[in-house]
>>> print(open('entry_32.cif').read())   # mmCIF, C-alpha atoms
data_final
#
loop_
_atom_site.group_PDB
_atom_site.id
_atom_site.type_symbol
_atom_site.label_atom_id
_atom_site.label_comp_id
_atom_site.auth_asym_id
_atom_site.auth_seq_id
_atom_site.Cartn_x
_atom_site.Cartn_y
_atom_site.Cartn_z
ATOM 1 C CA MET Q 675 1.501 -5.933 -32.927
ATOM 2 C CA ASN Q 676 3.986 -3.919 -34.956
ATOM 3 C CA PHE Q 677 2.331 -0.537 -34.455
ATOM 4 C CA THR Q 678 1.828 1.888 -31.578
ATOM 5 C CA ILE Q 679 -1.236 3.904 -30.628
ATOM 6 C CA ARG Q 680 0.758 7.034 -31.421
ATOM 7 C CA GLN Q 681 1.416 5.767 -34.961
ATOM 8 C CA LEU Q 682 -2.298 5.076 -35.308
ATOM 9 C CA GLU Q 683 -3.084 8.630 -34.224
ATOM 10 C CA ILE Q 684 -0.578 10.089 -36.698
ATOM 11 C CA PHE Q 685 -1.955 7.967 -39.555
ATOM 12 C CA LEU Q 686 -5.502 9.153 -38.866
ATOM 13 C CA SER Q 687 -4.449 12.791 -38.554
ATOM 14 C CA VAL Q 688 -2.520 12.712 -41.847
ATOM 15 C CA ALA Q 689 -5.477 10.992 -43.495
ATOM 16 C CA LYS Q 690 -7.800 13.729 -42.189
ATOM 17 C CA PHE Q 691 -5.706 16.695 -43.322
ATOM 18 C CA GLN Q 692 -4.063 15.045 -46.352
ATOM 19 C CA SER Q 693 -0.978 16.827 -45.089
ATOM 20 C CA VAL Q 694 1.920 15.710 -42.878
ATOM 21 C CA SER Q 695 2.707 19.275 -41.796
ATOM 22 C CA LYS Q 696 -0.873 20.043 -40.717
ATOM 23 C CA ALA Q 697 -1.105 16.721 -38.897
ATOM 24 C CA ALA Q 698 2.183 17.418 -37.130
ATOM 25 C CA ASP Q 699 0.945 20.841 -36.005
ATOM 26 C CA GLN Q 700 -2.290 19.312 -34.707
ATOM 27 C CA LEU Q 701 -0.359 16.685 -32.697
ATOM 28 C CA HIS Q 702 2.372 19.091 -31.546
ATOM 29 C CA LEU Q 703 5.078 17.162 -33.400
ATOM 30 C CA SER Q 704 7.789 18.189 -35.808
ATOM 31 C CA GLN Q 705 7.031 17.421 -39.454
ATOM 32 C CA SER Q 706 10.029 15.111 -39.652
ATOM 33 C CA ALA Q 707 8.898 13.139 -36.582
ATOM 34 C CA ALA Q 708 5.400 12.691 -38.007
ATOM 35 C CA SER Q 709 6.749 11.651 -41.383
ATOM 36 C CA ALA Q 710 9.222 9.197 -39.842
ATOM 37 C CA SER Q 711 6.488 7.610 -37.727
ATOM 38 C CA LEU Q 712 4.245 7.142 -40.746
ATOM 39 C CA GLN Q 713 7.023 5.624 -42.824
ATOM 40 C CA SER Q 714 7.940 3.308 -39.954
ATOM 41 C CA LEU Q 715 4.353 2.060 -39.789
ATOM 42 C CA GLU Q 716 4.294 1.365 -43.535
ATOM 43 C CA LYS Q 717 7.676 -0.363 -43.421
ATOM 44 C CA ALA Q 718 6.666 -2.591 -40.477
ATOM 45 C CA TYR Q 719 3.835 -4.111 -42.547
ATOM 46 C CA GLY Q 720 5.301 -3.744 -46.045
ATOM 47 C CA VAL Q 721 2.430 -1.579 -47.271
ATOM 48 C CA THR Q 722 2.002 1.910 -48.680
ATOM 49 C CA LEU Q 723 -0.923 3.838 -47.209
ATOM 50 C CA PHE Q 724 -0.508 7.106 -49.104
ATOM 51 C CA ASP Q 725 0.363 8.181 -52.612
ATOM 52 C CA ARG Q 726 3.060 10.825 -52.527
ATOM 53 C CA GLN Q 727 3.722 13.372 -55.262
ATOM 54 C CA GLY Q 728 6.269 15.963 -54.251
ATOM 55 C CA ASN Q 729 4.946 17.706 -51.107
ATOM 56 C CA LYS Q 730 1.450 16.339 -51.637
ATOM 57 C CA ILE Q 731 0.164 13.213 -49.885
ATOM 58 C CA LYS Q 732 -3.113 11.405 -50.450
ATOM 59 C CA LEU Q 733 -4.698 8.230 -49.094
ATOM 60 C CA ASN Q 734 -4.451 5.346 -51.562
ATOM 61 C CA ALA Q 735 -6.864 2.408 -51.839
ATOM 62 C CA ILE Q 736 -5.199 0.432 -49.023
ATOM 63 C CA GLY Q 737 -5.210 3.527 -46.830
ATOM 64 C CA HIS Q 738 -8.928 4.069 -47.453
ATOM 65 C CA THR Q 739 -9.661 0.432 -46.578
ATOM 66 C CA LEU Q 740 -7.772 0.565 -43.298
ATOM 67 C CA ARG Q 741 -8.809 4.051 -42.213
ATOM 68 C CA LYS Q 742 -12.239 3.031 -40.863
ATOM 69 C CA LYS Q 743 -10.763 0.131 -38.882
ATOM 70 C CA ALA Q 744 -8.116 2.487 -37.508
ATOM 71 C CA GLU Q 745 -10.763 5.018 -36.471
ATOM 72 C CA THR Q 746 -12.763 2.327 -34.648
ATOM 73 C CA LEU Q 747 -9.664 1.001 -32.903
ATOM 74 C CA PHE Q 748 -8.462 4.468 -31.899
ATOM 75 C CA ALA Q 749 -11.914 5.347 -30.533
ATOM 76 C CA HIS Q 750 -11.749 2.264 -28.288
ATOM 77 C CA CYS Q 751 -8.283 3.325 -27.130
ATOM 78 C CA GLN Q 752 -9.620 6.775 -26.251
ATOM 79 C CA GLN Q 753 -12.513 5.215 -24.331
ATOM 80 C CA PHE Q 754 -10.071 3.075 -22.387
ATOM 81 C CA ASP Q 755 -7.932 6.133 -21.649
ATOM 82 C CA ASP Q 756 -11.010 8.013 -20.414
ATOM 83 C CA ALA Q 757 -12.014 5.056 -18.237
ATOM 84 C CA LEU Q 758 -8.570 4.980 -16.612
ATOM 85 C CA LYS Q 759 -8.725 8.696 -15.894
ATOM 86 C CA LEU Q 760 -12.255 8.428 -14.542
ATOM 87 C CA HIS Q 761 -11.229 5.489 -12.347
ATOM 88 C CA SER Q 762 -8.674 7.651 -10.568
ATOM 89 C CA GLU Q 763 -11.215 10.445 -10.120
ATOM 90 C CA ILE Q 764 -13.905 8.125 -8.732
ATOM 91 C CA GLY Q 765 -11.751 7.338 -5.703
ATOM 92 C CA HIS Q 766 -11.781 3.536 -5.588
ATOM 93 C CA LEU Q 767 -9.821 2.541 -2.510
ATOM 94 C CA ARG Q 768 -8.589 -0.651 -0.841
ATOM 95 C CA VAL Q 769 -7.799 -0.316 2.853
ATOM 96 C CA GLY Q 770 -6.103 -2.979 4.949
ATOM 97 C CA ALA Q 771 -6.572 -2.458 8.683
ATOM 98 C CA SER Q 772 -5.618 -4.375 11.803
ATOM 99 C CA PHE Q 773 -8.608 -5.718 13.713
ATOM 100 C CA THR Q 774 -9.018 -2.964 16.298
ATOM 101 C CA ILE Q 775 -8.708 -0.187 13.728
ATOM 102 C CA GLY Q 776 -10.805 -1.958 11.109
ATOM 103 C CA ASN Q 777 -13.657 -2.923 13.405
ATOM 104 C CA HIS Q 778 -13.866 0.217 15.548
ATOM 105 C CA LEU Q 779 -12.371 3.203 13.712
ATOM 106 C CA VAL Q 780 -12.367 2.864 9.924
ATOM 107 C CA VAL Q 781 -16.155 2.913 9.541
ATOM 108 C CA ARG Q 782 -16.256 6.293 11.278
ATOM 109 C CA TYR Q 783 -14.520 7.901 8.307
ATOM 110 C CA LEU Q 784 -16.404 6.150 5.499
ATOM 111 C CA ALA Q 785 -19.378 8.526 5.269
ATOM 112 C CA GLU Q 786 -17.151 11.588 4.915
ATOM 113 C CA TYR Q 787 -15.010 9.818 2.315
ATOM 114 C CA LEU Q 788 -18.072 8.923 0.244
ATOM 115 C CA ASN Q 789 -19.202 12.547 0.372
ATOM 116 C CA GLN Q 790 -16.051 13.319 -1.587
ATOM 117 C CA TYR Q 791 -16.163 10.187 -3.786
ATOM 118 C CA PRO Q 792 -19.850 9.121 -3.959
ATOM 119 C CA ASP Q 793 -19.248 6.513 -6.687
ATOM 120 C CA ALA Q 794 -16.179 4.976 -5.080
ATOM 121 C CA ASP Q 795 -15.833 1.276 -4.404
ATOM 122 C CA VAL Q 796 -14.168 1.181 -0.972
ATOM 123 C CA GLN Q 797 -12.967 -2.213 0.190
ATOM 124 C CA PHE Q 798 -11.875 -2.939 3.756
ATOM 125 C CA ASP Q 799 -9.764 -5.942 4.653
ATOM 126 C CA THR Q 800 -9.092 -6.660 8.345
ATOM 127 C CA ALA Q 801 -6.218 -8.818 9.602
ATOM 128 C CA ASN Q 802 -3.523 -8.713 12.252
ATOM 129 C CA THR Q 803 -0.658 -6.268 11.795
ATOM 130 C CA PRO Q 804 1.889 -8.592 10.068
ATOM 131 C CA ASP Q 805 -0.739 -9.708 7.556
ATOM 132 C CA VAL Q 806 -1.749 -6.109 6.804
ATOM 133 C CA VAL Q 807 1.908 -5.205 6.222
ATOM 134 C CA ALA Q 808 2.261 -8.173 3.845
ATOM 135 C CA LYS Q 809 -0.776 -6.994 1.876
ATOM 136 C CA VAL Q 810 0.688 -3.475 1.637
ATOM 137 C CA LEU Q 811 4.037 -4.771 0.368
ATOM 138 C CA ASN Q 812 2.297 -7.050 -2.150
ATOM 139 C CA TYR Q 813 0.149 -4.117 -3.383
ATOM 140 C CA GLU Q 814 -3.027 -5.999 -2.426
ATOM 141 C CA VAL Q 815 -4.266 -2.870 -0.636
ATOM 142 C CA ASP Q 816 -3.634 0.822 -1.330
ATOM 143 C CA VAL Q 817 -2.986 1.758 2.293
ATOM 144 C CA GLY Q 818 -2.571 -0.120 5.546
ATOM 145 C CA MET Q 819 -3.569 1.024 9.033
ATOM 146 C CA ILE Q 820 -1.647 -0.780 11.756
ATOM 147 C CA GLU Q 821 -1.294 -0.727 15.543
ATOM 148 C CA ARG Q 822 2.454 -0.752 16.014
ATOM 149 C CA GLU Q 823 5.722 0.164 14.380
ATOM 150 C CA VAL Q 824 7.074 -2.356 11.875
ATOM 151 C CA GLN Q 825 10.573 -2.140 10.410
ATOM 152 C CA HIS Q 826 10.930 -3.019 6.735
ATOM 153 C CA ARG Q 827 13.177 -1.406 4.134
ATOM 154 C CA GLU Q 828 10.360 -1.259 1.555
ATOM 155 C CA LEU Q 829 7.738 0.102 3.969
ATOM 156 C CA GLU Q 830 6.940 3.716 4.832
ATOM 157 C CA LEU Q 831 5.139 4.408 8.103
ATOM 158 C CA ILE Q 832 3.238 7.644 8.738
ATOM 159 C CA PRO Q 833 2.288 8.233 12.404
ATOM 160 C CA TRP Q 834 -1.457 8.639 12.724
ATOM 161 C CA LYS Q 835 -2.801 8.839 16.268
ATOM 162 C CA GLU Q 836 -1.931 7.768 19.803
ATOM 163 C CA ASP Q 837 -3.851 4.983 21.480
ATOM 164 C CA GLU Q 838 -3.819 3.442 24.951
ATOM 165 C CA LEU Q 839 -4.349 -0.107 26.133
ATOM 166 C CA VAL Q 840 -6.533 -0.565 29.189
ATOM 167 C CA ALA Q 841 -6.672 -3.584 31.482
ATOM 168 C CA PHE Q 842 -10.204 -4.531 32.523
ATOM 169 C CA CYS Q 843 -12.321 -7.036 34.392
ATOM 170 C CA SER Q 844 -15.987 -7.868 34.896
ATOM 171 C CA ALA Q 845 -18.048 -5.773 37.311
ATOM 172 C CA THR Q 846 -18.217 -8.746 39.702
ATOM 173 C CA HIS Q 847 -14.519 -9.611 39.638
ATOM 174 C CA PRO Q 848 -12.637 -9.254 42.981
ATOM 175 C CA LEU Q 849 -10.255 -6.739 41.385
ATOM 176 C CA ALA Q 850 -13.087 -4.478 40.202
ATOM 177 C CA GLN Q 851 -13.056 -2.519 43.458
ATOM 178 C CA LYS Q 852 -9.296 -2.162 43.588
ATOM 179 C CA GLY Q 853 -8.879 -0.002 40.497
ATOM 180 C CA ILE Q 854 -5.065 0.061 40.467
ATOM 181 C CA LEU Q 855 -3.073 -3.167 40.147
ATOM 182 C CA ASN Q 856 0.444 -3.545 41.502
ATOM 183 C CA ASP Q 857 2.923 -6.131 40.276
ATOM 184 C CA ASP Q 858 1.668 -8.791 42.699
ATOM 185 C CA ASP Q 859 -1.901 -8.295 41.453
ATOM 186 C CA ILE Q 860 -0.711 -8.556 37.856
ATOM 187 C CA LYS Q 861 1.144 -11.810 38.541
ATOM 188 C CA ALA Q 862 -1.762 -13.339 40.495
ATOM 189 C CA ALA Q 863 -4.375 -12.656 37.809
ATOM 190 C CA ARG Q 864 -5.417 -14.924 34.962
ATOM 191 C CA TRP Q 865 -4.964 -12.982 31.732
ATOM 192 C CA ILE Q 866 -7.049 -13.298 28.582
ATOM 193 C CA LEU Q 867 -5.163 -11.641 25.737
ATOM 194 C CA ARG Q 868 -4.875 -11.157 22.001
ATOM 195 C CA GLU Q 869 -2.699 -13.513 19.966
ATOM 196 C CA PRO Q 870 1.101 -12.878 19.943
ATOM 197 C CA ASP Q 871 1.208 -11.334 16.430
ATOM 198 C CA SER Q 872 -1.354 -8.650 17.235
ATOM 199 C CA GLY Q 873 -0.520 -5.009 17.878
ATOM 200 C CA ALA Q 874 -2.317 -5.075 21.237
ATOM 201 C CA ARG Q 875 -0.301 -8.077 22.420
ATOM 202 C CA HIS Q 876 2.939 -6.483 21.280
ATOM 203 C CA THR Q 877 2.183 -3.382 23.364
ATOM 204 C CA PHE Q 878 1.113 -5.471 26.367
ATOM 205 C CA ASP Q 879 4.329 -7.504 26.279
ATOM 206 C CA ARG Q 880 6.415 -4.352 26.012
ATOM 207 C CA ALA Q 881 4.591 -2.679 28.897
ATOM 208 C CA LEU Q 882 4.913 -5.743 31.148
ATOM 209 C CA THR Q 883 8.615 -6.288 30.498
ATOM 210 C CA GLY Q 884 10.172 -7.964 33.520
ATOM 211 C CA LEU Q 885 6.955 -9.626 34.646
ATOM 212 C CA LEU Q 886 6.078 -11.708 31.576
ATOM 213 C CA PRO Q 887 7.678 -14.985 32.784
ATOM 214 C CA GLU Q 888 5.521 -14.833 35.914
ATOM 215 C CA ILE Q 889 2.217 -13.900 34.244
ATOM 216 C CA GLU Q 890 -0.455 -16.543 33.688
ATOM 217 C CA ILE Q 891 -1.806 -16.204 30.176
ATOM 218 C CA TYR Q 892 -4.961 -18.255 30.545
ATOM 219 C CA ARG Q 893 -6.425 -17.802 27.057
ATOM 220 C CA GLU Q 894 -5.501 -16.116 23.767
ATOM 221 C CA PHE Q 895 -8.046 -14.980 21.190
ATOM 222 C CA LYS Q 896 -7.766 -13.403 17.753
ATOM 223 C CA HIS Q 897 -10.792 -11.152 18.126
ATOM 224 C CA ASN Q 898 -11.555 -8.440 20.659
ATOM 225 C CA GLU Q 899 -15.182 -9.467 21.163
ATOM 226 C CA ALA Q 900 -14.167 -12.969 22.230
ATOM 227 C CA ILE Q 901 -11.862 -11.503 24.871
ATOM 228 C CA LYS Q 902 -14.552 -9.145 26.186
ATOM 229 C CA SER Q 903 -17.065 -11.985 26.417
ATOM 230 C CA ALA Q 904 -14.609 -14.219 28.260
ATOM 231 C CA VAL Q 905 -13.733 -11.455 30.734
ATOM 232 C CA GLU Q 906 -17.386 -10.537 31.265
ATOM 233 C CA SER Q 907 -18.032 -14.212 32.076
ATOM 234 C CA GLY Q 908 -15.445 -14.042 34.845
ATOM 235 C CA LEU Q 909 -12.754 -16.223 33.246
ATOM 236 C CA GLY Q 910 -10.020 -13.669 33.926
ATOM 237 C CA ILE Q 911 -8.938 -10.106 33.161
ATOM 238 C CA GLY Q 912 -8.087 -8.659 29.774
ATOM 239 C CA CYS Q 913 -6.218 -5.827 28.111
ATOM 240 C CA LEU Q 914 -7.425 -4.098 24.945
ATOM 241 C CA SER Q 915 -7.502 -0.694 23.287
ATOM 242 C CA LYS Q 916 -9.636 1.913 25.023
ATOM 243 C CA VAL Q 917 -11.316 2.395 21.631
ATOM 244 C CA VAL Q 918 -12.753 -1.104 21.934
ATOM 245 C CA LEU Q 919 -13.891 -0.726 25.560
ATOM 246 C CA GLN Q 920 -15.470 2.742 25.826
ATOM 247 C CA ASN Q 921 -19.087 1.624 25.472
ATOM 248 C CA ASP Q 922 -18.593 -1.317 27.850
ATOM 249 C CA PHE Q 923 -17.158 0.988 30.521
ATOM 250 C CA ARG Q 924 -20.007 3.451 29.971
ATOM 251 C CA ASN Q 925 -22.586 0.677 30.351
ATOM 252 C CA GLY Q 926 -20.893 -0.752 33.432
ATOM 253 C CA ASP Q 927 -20.480 -4.213 31.899
ATOM 254 C CA LEU Q 928 -16.713 -4.014 32.265
ATOM 255 C CA VAL Q 929 -14.499 -2.105 34.698
ATOM 256 C CA PRO Q 930 -11.160 -0.430 33.809
ATOM 257 C CA LEU Q 931 -8.047 -1.329 35.777
ATOM 258 C CA LYS Q 932 -4.897 0.771 35.933
ATOM 259 C CA LEU Q 933 -1.526 -0.982 35.908
ATOM 260 C CA ALA Q 934 0.769 0.929 38.259
ATOM 261 C CA ASN Q 935 3.936 2.325 36.654
ATOM 262 C CA ARG Q 936 3.261 0.655 33.309
ATOM 263 C CA ASP Q 937 3.223 2.639 30.044
ATOM 264 C CA MET Q 938 0.300 1.311 28.015
ATOM 265 C CA THR Q 939 0.388 3.915 25.230
ATOM 266 C CA ARG Q 940 1.139 3.137 21.615
ATOM 267 C CA MET Q 941 0.969 4.752 18.169
ATOM 268 C CA PHE Q 942 -1.246 3.850 15.224
ATOM 269 C CA TYR Q 943 0.355 4.162 11.763
ATOM 270 C CA PHE Q 944 -0.515 4.380 8.105
ATOM 271 C CA ALA Q 945 1.591 1.865 6.165
ATOM 272 C CA LEU Q 946 2.515 2.415 2.507
ATOM 273 C CA PRO Q 947 5.023 0.850 0.110
ATOM 274 C CA LYS Q 948 7.962 3.169 -0.501
ATOM 275 C CA GLN Q 949 7.820 2.435 -4.226
ATOM 276 C CA ARG Q 950 4.354 3.571 -5.229
ATOM 277 C CA HIS Q 951 2.430 5.877 -7.530
ATOM 278 C CA ASN Q 952 0.817 8.796 -5.753
ATOM 279 C CA LYS Q 953 -2.930 8.300 -5.637
ATOM 280 C CA ALA Q 954 -5.268 11.170 -4.819
ATOM 281 C CA ALA Q 955 -7.731 8.850 -3.071
ATOM 282 C CA VAL Q 956 -5.033 7.567 -0.692
ATOM 283 C CA GLU Q 957 -3.871 11.083 0.149
ATOM 284 C CA PHE Q 958 -7.457 12.171 0.790
ATOM 285 C CA TRP Q 959 -8.078 9.128 3.013
ATOM 286 C CA ILE Q 960 -4.960 9.760 5.104
ATOM 287 C CA ASN Q 961 -5.795 13.455 5.515
ATOM 288 C CA LEU Q 962 -9.408 12.642 6.384
ATOM 289 C CA CYS Q 963 -8.494 10.052 9.036
ATOM 290 C CA SER Q 964 -5.857 12.361 10.493
ATOM 291 C CA LYS Q 965 -8.297 15.255 10.736
ATOM 292 C CA MET Q 966 -11.175 13.245 12.175
ATOM 293 C CA GLY Q 967 -8.917 11.244 14.483
ATOM 294 C CA GLU Q 968 -7.646 14.302 16.325
#
>>> encode(input="entry_32.cif", output="structure tokens")
Amino acid sequence: MNFTIRQLEIFLSVAKFQSVSKAADQLHLSQSAASASLQSLEKAYGVTLFDRQGNKIKLNAIGHTLRKKAETLFAHCQQFDDALKLHSEIGHLRVGASFTIGNHLVVRYLAEYLNQYPDADVQFDTANTPDVVAKVLNYEVDVGMIEREVQHRELELIPWKEDELVAFCSATHPLAQKGILNDDDIKAARWILREPDSGARHTFDRALTGLLPEIEIYREFKHNEAIKSAVESGLGIGCLSKVVLQNDFRNGDLVPLKLANRDMTRMFYFALPKQRHNKAAVEFWINLCSKMGE
């Protein structure tokens, strides 16, 4: 196409007022800019749309023929512009969250978000932390929520809330009565853990630095529920976020174990691409999660 939407708008305005100066005033342009735009449009297609006599300008036959088509086309452009503006106001949002956050925390904030944006299409995508980061950097999601710090020059991390990993066993496990595990207990146990790329596993490995070569990792699972089921069946002991385990501890199905002198705390983060357009829905989501996560 050899014309712009702005040229279309100027053509229609001049046709309406039969005056370049009045059209320019209406569009907040200088008269010379409006006139130059109109002449550029005519030159691009080798047509004359107006008859000019001195300072007077009037649509000619070609101009009359094309005016209706131009009005229809410009109306569609305005509708598209309105749809884009409405889309941003509706609050459509794509959230990528690591498994623990996505399965146990994100849904807590959805109702409040939809109170603000009742017509929003909110999509949640759960994956492990590296995959969520990849989706953020590829602009497949608007915001990521991850369970550990990740260094990347194109990634911005915003600290969200502190979390703690808790070791645990079944109510009938021999360690259930002990409560606090020393290094010998840790090395003697069979561990059932998350996969190496997960945020929980990263924190566990960091906390158990110095003992890892002597620890028996009996099974690794991608999902928290599989680990809880295996531990409840007596296959070994596990270590997951306290967020995942609260109901199980309350019901007595699983028993918490403290690891002596081991720091099991970690930070959850919002992950965003550094090069991005500010989006009101993302800012509202981050503020909402921060407020409700306190």
>>> resolve_selection(input="entry_32.cif", expression="the PyMOL selection byres ((chain Q and resi 891) around 12)", output="list in words")
Ile860, Lys861, Ala862, Ala863, Arg864, Trp865, Ile866, Leu867, Arg868, Glu869, Pro870, Arg875, Phe878, Asp879, Leu885, Leu886, Pro887, Glu888, Ile889, Glu890, Tyr892, Arg893, Glu894, Phe895, Leu909, Gly910, Ile911, Gly912 and Cys913 of chain Q
>>> residues_around(input="entry_32.cif", residues="Leu682 in chain Q", least_positions_apart="3", cutoff="10 Å", atoms="all atoms listed in the file", output="VMD selection string")
chain Q and resid 677 to 679 685 to 687 711 to 712 715 741 744 to 745 747 to 748
>>> resolve_selection(input="entry_32.cif", expression="the PyMOL selection byres ((chain Q and resi 838) around 8)", output="list of chain:residue names")
Q:Glu836, Q:Asp837, Q:Leu839, Q:Val840, Q:Ser915, Q:Lys916, Q:Met938, Q:Thr939, Q:Arg940
>>> closest_residue(input="entry_32.cif", among="Q:Gln797, Q:Ser872, Q:Gln752, Q:Asn812", to="Gly765 in chain Q", atoms="only C-alpha atoms")
Q:Gln797
>>> closest_residue(input="entry_32.cif", among="Q:Ala850, Q:Val817, Q:Ala698, Q:Leu946", to="Val796 in chain Q", atoms="only C-alpha atoms")
Q:Val817
>>> residues_near_point(input="entry_32.cif", point="(1.8, -4.7, 16.9)", cutoff="7 Å", atoms="all atoms listed in the file", output="ChimeraX atom specification")
/Q:803,821-823,871-877
>>> resolve_selection(input="entry_32.cif", expression="the PyMOL selection byres ((chain Q and resi 795) around 12)", output="list in words")
His761, Ser762, Glu763, Ile764, Gly765, His766, Leu767, Arg768, Val769, Leu784, Tyr787, Leu788, Tyr791, Pro792, Asp793, Ala794, Val796, Gln797, Phe798 and Ala955 of chain Q
>>> residues_near_point(input="entry_32.cif", point="(-6.5, 16.8, -38.8)", cutoff="7 Å", atoms="all atoms listed in the file", output="VMD selection string")
chain Q and resid 687 to 688 690 to 691 696 to 697 700
>>> atom_distance(input="entry_32.cif", atom1="CA of Arg880 in chain Q", atom2="CA of Leu931 in chain Q")
17.7 Å
